[in-house]
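Working notes, beginning with the structure itself.
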Amino acid sequence: MSDKKFWLGFNLVKGIGPAKMQALLDAFDGVEAAWMASEPQLKKLGFDQRAINNLLEARTTLNLQASLEQVEGAGIHLLTWDDPAYPSYLREIPTPPPVLYLKGDIREVDRFAVAVVGTRRLTSYGRQVTRDLVTGLVKNGVTIVSGLARGIDAIAHKTALELDGRTLAVLGSGLDCVYPTENRALAQQIAAGKGAVISEYGLGVQPEAKNFPPRNRIISGLSLGVVVVEAGEQSGALITTKFAVEQDREVFAVPGNVTSPASLGPNRLIQQGAKLVTSVEDILEELNLQMVAEHTAVQLALPETTEEVALYAQLTAQPVHVDDLSRSTGLPSHVVSSTLTLMELKGMVQQVGGMNYVLSREPDPIYELDLNKEKGD
């Protein structure tokens, strides 16, 4: 029996966010057991009475199976922390959403993603810069992440689609309450094989103002870096950059006319240390994303030394920490670090933050057979 209905149940209970969810999973053997936790057990975990009452009420009033069928009937599937397809970069942030509602699909290539965000009140300059940057990113195989809002966000998504690129749209509402309404057709286009429309909010949740700052942490969490094209001093795009800094993501800003209100945000970010962007090359070079499309389409360098072979055999698309690699291969940590550095220069592996590494591509089937022979399989 699928555990997803219990994950869904917790998502529908007010007052149980990522921190409480992690505490439950640490204390109980699985999400179903956590769902059935008693009031004394919840108090022992430090739950406030409001959250406890909400959970107890939900257990008596919610039909979890019916709720799950309603979600799936709307063409939405759930990704949870337990799902191998849950985005690895997002899982690394301080408060990753335990449940993602998804229309469309997130693919392995989407780990090469950059967020492009900005004001709803864009100028002709902002429109042109957005189109130019997104065009350059998409041509290099980079997925575009944004928030489906009016203005910069919508231009970023539309440009990616026009170029047959991939794009991820993160909402501050349920997937059945797309906002703004004029972007519903855009959301449908994205979900129809060109990316995904994503939310941590359940069906029927309206686009309230309080939902958007948490939404912005997902935008930055799905991305290697965040580009702000135009933004006012109080723009939500600047909230996204604050999350990016907390998540150890790169922040980029497009300079603008000092007399334009739409350029106050990015100009201030540059003053504070954001990387100034004058062309797409500034982004690609900083994130080492030159020609991702080529790297994923052709065979990259194969391991040559014994150490490279050993490390290559332990790596997948899921992040592995250098300490774990040292333990699994029996190699000293300094050898692991130096070998990984060389492998990264060759384009074989990639560091994804926190001393975690992934393969830059799926193993070649023929080479995988050779590795099995080395292991004696």
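A note on labels: chains of the structure tokens are A, B, ... as shown, every chain counts residues from 1, and ligands are counted from 1 in their shown order.
Once Asp83 of chain A and its same-chain neighbours fewer than 6 positions away are set aside, A:Ser2, A:Asp3, A:Lys4, A:Trp7, A:His77, A:Arg91, A:Pro98, A:Val99, A:Leu100, A:Gln318 remain within 12 Å of it when counting only C-alpha atoms.
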Problem set entry | Distance query segment 113-128 of chain A at most 6 Å, only C-alpha atoms, self and fewer than 6 positions along chain excluded, as a ChimeraX atom specification | /A:142-146,150-153,223-231,237
Please dump the current selection as a compact mmCIF listing (two decimals), in the first residue's frame; keep N, CA and C atoms.
# COMPACT_ATOMS: atom_id res chain seq x y z
N VAL A 142 20.23 24.68 -20.32
CA VAL A 142 19.87 25.03 -18.95
C VAL A 142 18.35 25.14 -18.81
N THR A 143 17.82 24.56 -17.75
CA THR A 143 16.39 24.66 -17.44
C THR A 143 16.11 26.00 -16.75
N ILE A 144 15.00 26.64 -17.12
CA ILE A 144 14.63 27.94 -16.55
C ILE A 144 13.59 27.74 -15.45
N VAL A 145 13.86 28.29 -14.29
CA VAL A 145 12.93 28.23 -13.15
C VAL A 145 12.39 29.62 -12.88
N SER A 146 11.09 29.73 -12.64
CA SER A 146 10.51 31.01 -12.27
C SER A 146 9.16 30.78 -11.59
N ARG A 150 3.14 37.60 -13.55
CA ARG A 150 3.17 38.53 -14.67
C ARG A 150 4.58 39.12 -14.78
N GLY A 151 4.90 39.64 -15.97
CA GLY A 151 6.16 40.36 -16.12
C GLY A 151 7.33 39.46 -16.44
N ILE A 152 8.43 39.64 -15.71
CA ILE A 152 9.68 38.93 -15.98
C ILE A 152 9.47 37.42 -15.96
N ASP A 153 8.76 36.92 -14.95
CA ASP A 153 8.55 35.47 -14.82
C ASP A 153 7.90 34.89 -16.08
N SER A 223 17.37 25.67 -8.10
CA SER A 223 18.28 26.31 -9.04
C SER A 223 19.72 26.34 -8.52
N LEU A 224 20.65 26.42 -9.47
CA LEU A 224 22.05 26.62 -9.12
C LEU A 224 22.33 28.09 -8.82
N GLY A 225 21.53 28.96 -9.40
CA GLY A 225 21.69 30.39 -9.18
C GLY A 225 20.41 31.12 -9.53
N VAL A 226 20.29 32.35 -9.02
CA VAL A 226 19.10 33.18 -9.25
C VAL A 226 19.52 34.47 -9.94
N VAL A 227 18.86 34.77 -11.06
CA VAL A 227 19.12 36.00 -11.81
C VAL A 227 17.96 36.96 -11.62
N VAL A 228 18.25 38.17 -11.13
CA VAL A 228 17.23 39.21 -11.00
C VAL A 228 17.43 40.20 -12.13
N VAL A 229 16.41 40.34 -12.97
CA VAL A 229 16.52 41.23 -14.13
C VAL A 229 16.10 42.64 -13.75
N GLU A 230 14.86 42.81 -13.36
CA GLU A 230 14.36 44.09 -12.86
C GLU A 230 13.53 43.81 -11.61
N ALA A 231 13.64 44.70 -10.62
CA ALA A 231 12.88 44.52 -9.38
C ALA A 231 12.89 45.81 -8.58
N ALA A 237 11.08 39.29 -5.77
CA ALA A 237 12.29 38.71 -6.34
C ALA A 237 13.47 38.85 -5.38
For this session: Check segment 140-285 of chain A with DSSP on the backbone and list each residue it calls helix (DSSP H, G or I), as number ranges by chain.
Result: A: 152-162, 181-191, 209-221, 236-246, 261-271, 280-285
Generate the output file for the selected residues, C-alpha atoms, as a compact mmCIF listing (two decimals), in the first residue's frame.
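Okay, part.txt is ready:
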# COMPACT_ATOMS: atom_id res chain seq x y z
CA ILE A 152 9.68 38.93 -15.98
CA ASP A 153 8.55 35.47 -14.82
CA ALA A 154 6.08 34.98 -17.67
CA ILE A 155 8.57 36.23 -20.28
CA ALA A 156 11.19 33.80 -18.95
CA HIS A 157 8.81 30.81 -19.18
CA LYS A 158 7.45 31.80 -22.60
CA THR A 159 10.91 32.31 -24.09
CA ALA A 160 12.04 28.89 -22.86
CA LEU A 161 8.97 27.27 -24.44
CA GLU A 162 9.41 29.11 -27.73
CA THR A 181 -5.51 33.55 -14.47
CA GLU A 182 -4.09 34.80 -17.79
CA ASN A 183 -1.15 32.44 -17.31
CA ARG A 184 -3.25 29.27 -17.07
CA ALA A 185 -2.61 28.43 -20.71
CA LEU A 186 1.10 28.99 -20.10
CA ALA A 187 0.98 26.57 -17.18
CA GLN A 188 -0.70 23.96 -19.38
CA GLN A 189 2.00 24.36 -22.03
CA ILE A 190 4.74 23.86 -19.46
CA ALA A 191 3.13 20.73 -18.03
CA ALA A 209 0.16 36.90 -0.11
CA LYS A 210 1.55 34.80 2.76
CA ASN A 211 2.13 31.86 0.40
CA PHE A 212 4.62 33.61 -1.88
CA PRO A 213 7.72 33.99 0.33
CA PRO A 214 7.73 30.22 1.07
CA ARG A 215 7.17 29.62 -2.66
CA ASN A 216 10.29 31.67 -3.40
CA ARG A 217 12.53 29.35 -1.35
CA ILE A 218 11.52 26.53 -3.72
CA ILE A 219 12.40 28.63 -6.77
CA SER A 220 15.92 29.21 -5.47
CA GLY A 221 16.16 25.70 -4.06
CA GLY A 236 9.34 39.49 -4.09
CA ALA A 237 12.29 38.71 -6.34
CA LEU A 238 14.57 40.10 -3.64
CA ILE A 239 13.06 37.64 -1.15
CA THR A 240 14.11 34.89 -3.57
CA THR A 241 17.70 36.16 -3.47
CA LYS A 242 17.71 36.11 0.34
CA PHE A 243 16.73 32.45 0.24
CA ALA A 244 19.40 31.87 -2.42
CA VAL A 245 22.09 33.23 -0.11
CA GLU A 246 20.85 31.04 2.77
CA PRO A 261 12.35 52.24 -10.11
CA ALA A 262 12.55 48.81 -11.78
CA SER A 263 16.35 48.83 -11.46
CA LEU A 264 16.56 49.79 -7.77
CA GLY A 265 16.53 46.13 -6.68
CA PRO A 266 19.21 44.68 -8.95
CA ASN A 267 21.46 47.74 -8.59
CA ARG A 268 21.27 47.38 -4.82
CA LEU A 269 22.07 43.66 -5.08
CA ILE A 270 25.19 44.49 -7.10
CA GLN A 271 26.26 46.92 -4.39
CA VAL A 280 24.65 35.12 -20.53
CA GLU A 281 28.35 34.20 -20.46
CA ASP A 282 28.62 35.83 -17.01
CA ILE A 283 26.13 33.27 -15.69
CA LEU A 284 27.44 30.26 -17.59
CA GLU A 285 31.04 30.85 -16.55
Problem set entry | Glu108 of chain A surroundings by only C-alpha atoms, 12 Å radius, close-in-sequence under 2 positions cut, as a ChimeraX atom specification | /A:84-89,105-106,110-113,141-143,166,195,296,316-318,358-362
For this session: Quote the spacing between atom CA of Gly30 of chain A and atom CA of Asp176 of chain A in Å to one decimal place.
Result: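 Computed distance, atom CA of Gly30 of chain A to atom CA of Asp176 of chain A, equals 29.5 Å.
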Problem set entry | Å distance separating atom CA of Glu92 of chain A from atom CA of Pro303 of chain A, one decimal place |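 Separation between atom CA of Glu92 of chain A and atom CA of Pro303 of chain A: 27.7 Å.
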Exercise. For Glu208 of chain A, which of A:Leu276, A:Val178, A:Leu24, A:Val71 is the closest residue, counting only C-alpha atoms?
Worked result: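 When distances to Glu208 of chain A are compared using only C-alpha atoms, the smallest one comes from A:Val178.
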Problem set entry | Nearest to Gly174 of chain A, chosen from A:Gly73, A:Pro207, A:Gly46, A:Pro40, with only C-alpha atoms counted in the distances | A:Pro207
For this session: Extract, using only C-alpha atoms, all DNA, RNA and protein residues at most 12 Å from Leu55 of chain A, discarding same-chain residues fewer than 4 positions from it, and format them as a list in words.
Result: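 Skipping anything fewer than 4 positions along the chain leaves Phe6, Gly9, Phe10, Asn11, Leu12, Val13, Lys14, Gly15, Ile16, Lys20, Met21, Ala34, Trp35, Met36, Ala37, Ser38, Glu39, Leu42, Phe47, Asp48, Gln49, Arg50, Ala51, Arg59, Thr60, Thr61 and Leu62 of chain A.
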Save out the residues we just selected, N, CA and C atoms, as a PDB file, in the first residue's frame.
ATOM      1  N   PHE A   6      -0.554   9.223   3.352  1.00  0.00           N
ATOM      2  CA  PHE A   6      -0.193   9.754   4.665  1.00  0.00           C
ATOM      3  C   PHE A   6       0.641  11.028   4.532  1.00  0.00           C
ATOM      4  N   GLY A   9      -1.812  13.572   3.810  1.00  0.00           N
ATOM      5  CA  GLY A   9      -2.527  13.934   5.029  1.00  0.00           C
ATOM      6  C   GLY A   9      -1.774  14.966   5.844  1.00  0.00           C
ATOM      7  N   PHE A  10      -0.486  14.734   6.058  1.00  0.00           N
ATOM      8  CA  PHE A  10       0.312  15.694   6.819  1.00  0.00           C
ATOM      9  C   PHE A  10       0.370  17.048   6.118  1.00  0.00           C
ATOM     10  N   ASN A  11       0.424  17.030   4.788  1.00  0.00           N
ATOM     11  CA  ASN A  11       0.457  18.281   4.048  1.00  0.00           C
ATOM     12  C   ASN A  11      -0.806  19.095   4.246  1.00  0.00           C
ATOM     13  N   LEU A  12      -1.912  18.428   4.514  1.00  0.00           N
ATOM     14  CA  LEU A  12      -3.197  19.106   4.683  1.00  0.00           C
ATOM     15  C   LEU A  12      -3.447  19.559   6.112  1.00  0.00           C
ATOM     16  N   VAL A  13      -2.533  19.211   7.032  1.00  0.00           N
ATOM     17  CA  VAL A  13      -2.691  19.600   8.439  1.00  0.00           C
ATOM     18  C   VAL A  13      -1.947  20.900   8.692  1.00  0.00           C
ATOM     19  N   LYS A  14      -2.659  21.937   9.108  1.00  0.00           N
ATOM     20  CA  LYS A  14      -2.012  23.215   9.406  1.00  0.00           C
ATOM     21  C   LYS A  14      -1.129  23.082  10.642  1.00  0.00           C
ATOM     22  N   GLY A  15       0.044  23.682  10.555  1.00  0.00           N
ATOM     23  CA  GLY A  15       0.936  23.687  11.717  1.00  0.00           C
ATOM     24  C   GLY A  15       1.985  22.600  11.699  1.00  0.00           C
ATOM     25  N   ILE A  16       1.985  21.744  10.655  1.00  0.00           N
ATOM     26  CA  ILE A  16       3.024  20.717  10.550  1.00  0.00           C
ATOM     27  C   ILE A  16       3.819  20.985   9.277  1.00  0.00           C
ATOM     28  N   LYS A  20       8.679  19.852  11.822  1.00  0.00           N
ATOM     29  CA  LYS A  20       7.868  18.888  12.576  1.00  0.00           C
ATOM     30  C   LYS A  20       7.797  17.551  11.832  1.00  0.00           C
ATOM     31  N   MET A  21       7.728  17.622  10.505  1.00  0.00           N
ATOM     32  CA  MET A  21       7.673  16.400   9.717  1.00  0.00           C
ATOM     33  C   MET A  21       8.949  15.579   9.912  1.00  0.00           C
ATOM     34  N   ALA A  34       3.834   7.527  11.952  1.00  0.00           N
ATOM     35  CA  ALA A  34       3.836   8.919  12.413  1.00  0.00           C
ATOM     36  C   ALA A  34       2.426   9.498  12.386  1.00  0.00           C
ATOM     37  N   TRP A  35       1.655   9.137  11.353  1.00  0.00           N
ATOM     38  CA  TRP A  35       0.278   9.631  11.231  1.00  0.00           C
ATOM     39  C   TRP A  35      -0.571   9.176  12.417  1.00  0.00           C
ATOM     40  N   MET A  36      -0.269   8.011  12.954  1.00  0.00           N
ATOM     41  CA  MET A  36      -1.062   7.460  14.053  1.00  0.00           C
ATOM     42  C   MET A  36      -0.499   7.795  15.429  1.00  0.00           C
ATOM     43  N   ALA A  37       0.454   8.715  15.515  1.00  0.00           N
ATOM     44  CA  ALA A  37       1.076   9.073  16.798  1.00  0.00           C
ATOM     45  C   ALA A  37       0.026   9.548  17.808  1.00  0.00           C
ATOM     46  N   SER A  38       0.226   9.183  19.064  1.00  0.00           N
ATOM     47  CA  SER A  38      -0.707   9.586  20.118  1.00  0.00           C
ATOM     48  C   SER A  38      -0.404  11.002  20.595  1.00  0.00           C
ATOM     49  N   GLU A  39      -1.351  11.594  21.313  1.00  0.00           N
ATOM     50  CA  GLU A  39      -1.156  12.948  21.824  1.00  0.00           C
ATOM     51  C   GLU A  39       0.056  13.038  22.757  1.00  0.00           C
ATOM     52  N   LEU A  42       3.195  13.065  20.676  1.00  0.00           N
ATOM     53  CA  LEU A  42       3.370  14.332  19.976  1.00  0.00           C
ATOM     54  C   LEU A  42       3.871  15.420  20.927  1.00  0.00           C
ATOM     55  N   PHE A  47       5.496  19.197  20.073  1.00  0.00           N
ATOM     56  CA  PHE A  47       4.426  19.796  19.272  1.00  0.00           C
ATOM     57  C   PHE A  47       3.569  20.704  20.144  1.00  0.00           C
ATOM     58  N   ASP A  48       3.196  21.864  19.604  1.00  0.00           N
ATOM     59  CA  ASP A  48       2.273  22.743  20.315  1.00  0.00           C
ATOM     60  C   ASP A  48       0.861  22.167  20.233  1.00  0.00           C
ATOM     61  N   GLN A  49      -0.005  22.604  21.151  1.00  0.00           N
ATOM     62  CA  GLN A  49      -1.344  22.035  21.251  1.00  0.00           C
ATOM     63  C   GLN A  49      -2.168  22.275  19.993  1.00  0.00           C
ATOM     64  N   ARG A  50      -1.932  23.415  19.336  1.00  0.00           N
ATOM     65  CA  ARG A  50      -2.687  23.721  18.118  1.00  0.00           C
ATOM     66  C   ARG A  50      -2.385  22.689  17.034  1.00  0.00           C
ATOM     67  N   ALA A  51      -1.114  22.389  16.839  1.00  0.00           N
ATOM     68  CA  ALA A  51      -0.736  21.408  15.817  1.00  0.00           C
ATOM     69  C   ALA A  51      -1.270  20.027  16.168  1.00  0.00           C
ATOM     70  N   ARG A  59      -7.272  13.332  11.430  1.00  0.00           N
ATOM     71  CA  ARG A  59      -7.348  11.867  11.416  1.00  0.00           C
ATOM     72  C   ARG A  59      -8.792  11.372  11.464  1.00  0.00           C
ATOM     73  N   THR A  60      -9.657  12.180  12.042  1.00  0.00           N
ATOM     74  CA  THR A  60     -11.056  11.743  12.153  1.00  0.00           C
ATOM     75  C   THR A  60     -11.918  12.263  11.000  1.00  0.00           C
ATOM     76  N   THR A  61     -11.480  13.324  10.329  1.00  0.00           N
ATOM     77  CA  THR A  61     -12.333  13.933   9.311  1.00  0.00           C
ATOM     78  C   THR A  61     -11.865  13.676   7.876  1.00  0.00           C
ATOM     79  N   LEU A  62     -10.568  13.429   7.689  1.00  0.00           N
ATOM     80  CA  LEU A  62     -10.048  13.254   6.331  1.00  0.00           C
ATOM     81  C   LEU A  62     -10.158  11.808   5.865  1.00  0.00           C
TER      82      LEU A  62
END
Exercise. Neighbours of Cys177 of chain A within 7 Å (only C-alpha atoms; same-chain residues fewer than 3 positions away dropped), as a PyMOL selection string?
Worked result: chain A and resi 173-174+204-206
Seminar exercise, completed: note - atom CA of Ala58 of chain A and atom CA of Ile198 of chain A are separated by 24.3 Å
Problem set entry | segment 236-304 of chain A: residues DSSP assigns to strand (DSSP E or B), reported as a PyMOL selection string | chain A and resi 250-253+275-276
Writing out the chosen residues with C-alpha atoms as a compact mmCIF listing (two decimals), in the first residue's frame:
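Writing done, so here's part.txt:
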# COMPACT_ATOMS: atom_id res chain seq x y z
CA GLU A 250 24.72 32.17 -6.58
CA VAL A 251 22.96 35.52 -6.98
CA PHE A 252 23.16 37.46 -10.26
CA ALA A 253 21.75 40.90 -11.05
CA LYS A 275 27.49 39.12 -9.66
CA LEU A 276 26.84 41.80 -12.27
